[in-house]
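To keep things clear, I will list the structure first and then write my remarks on it.
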Number of protein chains: 2
Amino acid sequence: MSSSNGAIEASPVTYEQLIVLEHEFDDVETEIMRKQYEMTKPLYAKRKDFTDKIPNFWALVFEQSPPELDQYITPSDSELFAECLKGVSIERFECAATPRSIALKLTFSENEWFSDTVLEKKFHYRRSPDGWVGLVSEPVKINWKEGQDLTQGLTDAAVRAWDERKANLTATVQQRLELPAHKALLEMVEKMDPTSVGFFALFGFVSERVYVSADEAEKGNQAEQERRAARARGDKVEEPEWNEDFEAEAEIEICPHGEDLALVLADDVWPNAIKYFTAAQERDDEQMSEIEFEEDEDESDEEVDIRALVTGRSSKRKNDDGDSPPPKRRT
Amino acid sequence: MSSSNGAIEASPVTYEQLIVLEHEFDDVETEIMRKQYEMTKPLYAKRKDFTDKIPNFWALVFEQSPPELDQYITPSDSELFAECLKGVSIERFECAATPRSIALKLTFSENEWFSDTVLEKKFHYRRSPDGWVGLVSEPVKINWKEGQDLTQGLTDAAVRAWDERKANLTATVQQRLELPAHKALLEMVEKMDPTSVGFFALFGFVSERVYVSADEAEKGNQAEQERRAARARGDKVEEPEWNEDFEAEAEIEICPHGEDLALVLADDVWPNAIKYFTAAQERDDEQMSEIEFEEDEDESDEEVDIRALVTGRSSKRKNDDGDSPPPKRRT
């Protein structure tokens, strides 16, 4: 409709002022996340006491999970969860520095797929020297049993490339991509069908763009602080130059959607687990009662809310008592 | 995969315990919303000082708004916003009682559509005696100029039915639906094309299900408190019976998606306004530079990130400096 062009140029307000303000909002949001994390901690502990006693609690949550997670769960993953997933936890392990870093921990009973009983993945929220911000993580080795690797060797290959990277830290990205484990991984990633890779590729996730070490993040944060200070003084500030080299590393990422997956787990599945569990139970109850219902004598053809019959609640009700899609709660 | 049926029955945990816990989570979330509202207030005041000076700020925000809002903005609405929308504000006007109640205020310059310069709509977060919870609101009269009503008479008809309702409070819903203004409204709603009704129908919104007065909400809350106390004692608690009569009132709702619209305005558009504004400006810059670019001499056919050329930033970057889809900030 209108031409926006120059809306800001036509005003006495500068982009710098808006950016400074946005950072003030971000700081408040970070503070709120910290408070929320501390305030909900005892409740999550209480929840764990309950959920530990409910068979298949987390497998049921995952079954009823939102599409952002569900699309990455294959039938084999579901089978594994139903068989041996015992617990899930999310921790903000560096809450004082940044509550956006996330540790995901899954616990399993003895099973036919791998010898691990705990798989823990830490996602660090870090800023690269060229100003990118996101979650980065080291690949986690899953000790798959012979012939049982649901990722068809991808997590192992990601760990091998990671070890090779650590042994060649001074090499450029392009040089590293010529090394054998990197080349092997690149070949696998090029052949992989992203729709069938499944949930466990997440453990091989490194970054959507580039890995950032703690040292690099410190440099990135310092440069950002300097930019913010300059903006606060009213100086015009250039964004740092985007390092195209970094993009190349993303080519060997076995889980390109890893950051989104970590966020949906931490910000939706984890806080709303009881709601998803309840939904899974109600769906099953509904299926059961439909069978019973069909066995009954004929009914008039008016629409009957089976769910209301069974649970005493309308499927329309919401925001209440753990019923379907709730406003998101954040940890 | 697994059969969930009986997961909870097979455990020593009861639904009542889970519901009590969910309410404890809700209470913390409400407290967090209050804190966030107080902590961000001065920042929103500062933002207003800036945005008041930027021509078309809010029209540009609405142009770039998320699909949940955008789908209800018709070309005529956009034209109106571009011509005369001066300001938008969201207030949590009963924050102490519940931070979920929302007051939306739009301000306009003199214009050809209506004689109002302020349109304010209050959404009360209330619980009905039968346990439903949601946003309810009284229809707001828009003083449309002759032949300029973008809602084709819907908001006026909603106000007339509302006045009739107030004059017939002791009547049942079914009786009220037989009264002339109700019947006229029902007829209009049945004929209306929901996709072309547009944004301003929101001002006629009453409720997704049923209007709840302050008195009724008090009864609803008291009953809920009693249920919670009983659950906390470990008693098994029946949900209140769903009053089917209430559903009938929703048939005359001119804006059935009104609650979702209020929430996307308050929880997304309002906190992220600078991000949407920046996106609108960048899109326009991009279109401009594409034109210049095409006028340039031939380039190699490799893909060029125009946005990066113009703004010095990659379109891939995020979580930073007001660049596109940010994690949601809440008020």
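FYI, nothing fancy with the structure tokens labels: chains A, B, ... in order, residues from 1 per chain, ligands from 1 as they appear.
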Q) Could you name the residues that touch Ile8 of chain B at 7 Å or less, counting only C-alpha atoms, but leaving out those on the same chain fewer than 4 positions away, as a VMD selection string? A) (chain A and resid 54) or (chain B and resid 13 to 14)
Q.
Could you list, as a ChimeraX atom specification, every residue within 10 Å of Leu263 of chain B, counting only C-alpha atoms and ignoring same-chain residues fewer than 3 positions away?
A. /A:327 /B:68-69,100,102,123,135,258-260,266-270
Q. DSSP on the backbone: what in segment 70-195 of chain B comes out strand (DSSP E), as a list of chain:residue names?
A. B:Leu85, B:Lys86, B:Gly87, B:Val88, B:Ser89, B:Ile90, B:Glu91, B:Ile102, B:Ala103, B:Leu104, B:Lys105, B:Leu106, B:Thr107, B:Phe108, B:Val118, B:Leu119, B:Glu120, B:Lys121, B:Lys122, B:Phe123, B:His124, B:Tyr125, B:Arg126, B:Arg127, B:Val133, B:Gly134, B:Leu135, B:Val136
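With distances taken over only C-alpha atoms, B:Val61 is the one residue among B:Ala96, B:Leu106, B:Val61, B:Ala214 lying closest to chain A.
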Q: Within segment 16-246 of chain B, find each residue whose DSSP state, derived from the backbone, is alpha helix (DSSP H), and express the selection as a PyMOL selection string.
A: chain B and resi 16-51+57-63+67-70+75-84+154-166+173-176+180-191+214-232+244-246
